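*Asks:* Take a look at this one; I'll ask things after.
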Amino acid sequence: MISSTLKLAFGVLVAALLVSTLFAGQNGGPAGSFLRSAVSRRSAPPRPQIRLARSSQTSAAPDDGFGERVVLRPDTYGHFHAQVDVEGASLRMLVDTGASLVVLSHADAASLGFRPFPTDYRLMARTANGTVAMAPIVLPEVRLGSLVETNVPAAVEKPGAFTGEGLLGMSFLNRLRGYQVKDGLLILKN
């Protein structure tokens, strides 16, 4: 329970600190260039393709003729988790509307071939555990069931900043047609 609370606090603070960076980047300003180029992929051995594992918590269903939807069930604490396909790898992520970016744990980022240098951790976020340094990246594709978004701004947490799953933040969620909690379920619409 405490780690989920800390993740939520981390996401809220990331949103507050990074929202100006995202808005400046939409107009082609220096912040947008920084997000696109700050961290490049480091050479890594090729990895096998991993198919998206269907979770019992995730389902896709037609959405009244206007697209697709993904439905997530909450865990015992009321948090929503999703199996997200990032670059062909299935990652478990906490859905966090308080996080302005998709945030990858250092381990998940390394498994995808993102290995930021120490100088790449330029974004600072204040969390319940103190200040956390992050490296901005752009994910070429993020897929949750039938919902697919490309060129998604994201960040990699510095090793040891937090443990566990990453955060599926607003840089993915804002691109959807909508999302809502209804009858205790989180419904994401494309």
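Residues are referred to by chain and number: the chain letter is A, B, ... according to the order shown in the structure tokens, the number counts from 1 in that chain, and ligands are numbered separately from 1 in the order shown.
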Compile the contact shell of Val156 of chain A as a CSV table (one decimal) with N, CA and C atoms, in the first residue's frame: residues with an atom at most 9 Å away, counting only C-alpha atoms, same-chain residues fewer than 4 positions apart removed.

*Replies:*
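Below is the file that was written, result09.csv:
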```
chain,number,residue,atom,x,y,z
A,102,VAL,N,4.6,9.0,-19.4
A,102,VAL,CA,4.8,7.6,-19.2
A,102,VAL,C,6.2,7.5,-18.6
A,103,VAL,N,6.3,6.8,-17.4
A,103,VAL,CA,7.6,6.7,-16.7
A,103,VAL,C,7.9,5.2,-16.7
A,104,LEU,N,9.1,4.9,-17.2
A,104,LEU,CA,9.7,3.5,-17.1
A,104,LEU,C,10.6,3.4,-16.0
A,105,SER,N,10.6,2.2,-15.3
A,105,SER,CA,11.6,2.0,-14.3
A,105,SER,C,12.9,1.8,-15.0
A,106,HIS,N,14.0,1.9,-14.3
A,106,HIS,CA,15.3,1.8,-15.0
A,106,HIS,C,15.5,0.4,-15.6
A,108,ASP,N,13.1,-1.7,-16.7
A,108,ASP,CA,12.2,-1.8,-17.9
A,108,ASP,C,12.9,-1.1,-19.0
A,109,ALA,N,13.4,0.1,-18.8
A,109,ALA,CA,14.0,0.9,-19.9
A,109,ALA,C,15.2,0.1,-20.4
A,114,PHE,N,17.0,1.2,-23.8
A,114,PHE,CA,17.3,2.6,-23.3
A,114,PHE,C,18.2,2.6,-22.2
A,115,ARG,N,19.4,3.1,-22.4
A,115,ARG,CA,20.4,3.1,-21.3
A,115,ARG,C,21.0,4.6,-21.2
A,116,PRO,N,20.3,5.4,-20.5
A,116,PRO,CA,20.7,6.8,-20.4
A,116,PRO,C,22.1,6.9,-19.7
A,121,TYR,N,20.1,12.4,-17.0
A,121,TYR,CA,19.0,12.6,-16.0
A,121,TYR,C,18.9,14.0,-15.6
A,133,ALA,N,15.6,12.1,-10.1
A,133,ALA,CA,16.1,12.5,-11.4
A,133,ALA,C,15.6,11.5,-12.5
A,134,MET,N,15.2,12.1,-13.6
A,134,MET,CA,14.7,11.2,-14.7
A,134,MET,C,15.4,11.7,-16.0
A,135,ALA,N,15.4,10.8,-17.0
A,135,ALA,CA,16.0,11.1,-18.3
A,135,ALA,C,14.8,11.0,-19.3
A,136,PRO,N,14.6,12.1,-20.1
A,136,PRO,CA,13.5,12.1,-21.0
A,136,PRO,C,13.8,11.2,-22.2
A,137,ILE,N,12.8,10.5,-22.7
A,137,ILE,CA,12.9,9.7,-23.9
A,137,ILE,C,11.6,9.9,-24.7
```

*Asks:* In terms of the shortest atom-to-atom distance over only C-alpha atoms, which of A:Ser171, A:Ser90, A:Ser100, A:Thr119 is closest to Lys158 of chain A?

*Replies:* A:Thr119

*Asks:* Calculate how many Å separate atom CA of Leu91 of chain A from atom CA of Gly78 of chain A, rounding to one decimal.

*Replies:*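 Answer for the atom CA of Leu91 of chain A to atom CA of Gly78 of chain A separation: 19.6 Å.
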
*Asks:* Skipping near chain neighbours, those fewer than 4 positions away, what residues fall within 6 Å of segment 83-87 of chain A using only C-alpha atoms, listed as a list in words?

*Replies:*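 The neighbour list is Leu52, Leu91, Arg92, Val142, Arg143 and Leu144 of chain A.
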
*Asks:* Considering only C-alpha atoms, can you say which of A:Val70, A:Ala82, A:Phe172, A:Lys189 comes closest to Glu141 of chain A?

*Replies:*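 When distances to Glu141 of chain A are compared using only C-alpha atoms, the smallest one comes from A:Phe172.
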
*Asks:* One decimal, in Å: what's the spacing between atom CA of Pro140 of chain A and atom CA of Val152 of chain A?

*Replies:*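 About the pair atom CA of Pro140 of chain A and atom CA of Val152 of chain A: they are 6.5 Å apart.
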
*Asks:* In Å, how far is it from atom CA of Leu147 of chain A to atom CA of Arg177 of chain A?

*Replies:*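 Computed distance, atom CA of Leu147 of chain A to atom CA of Arg177 of chain A, equals 10.1 Å.
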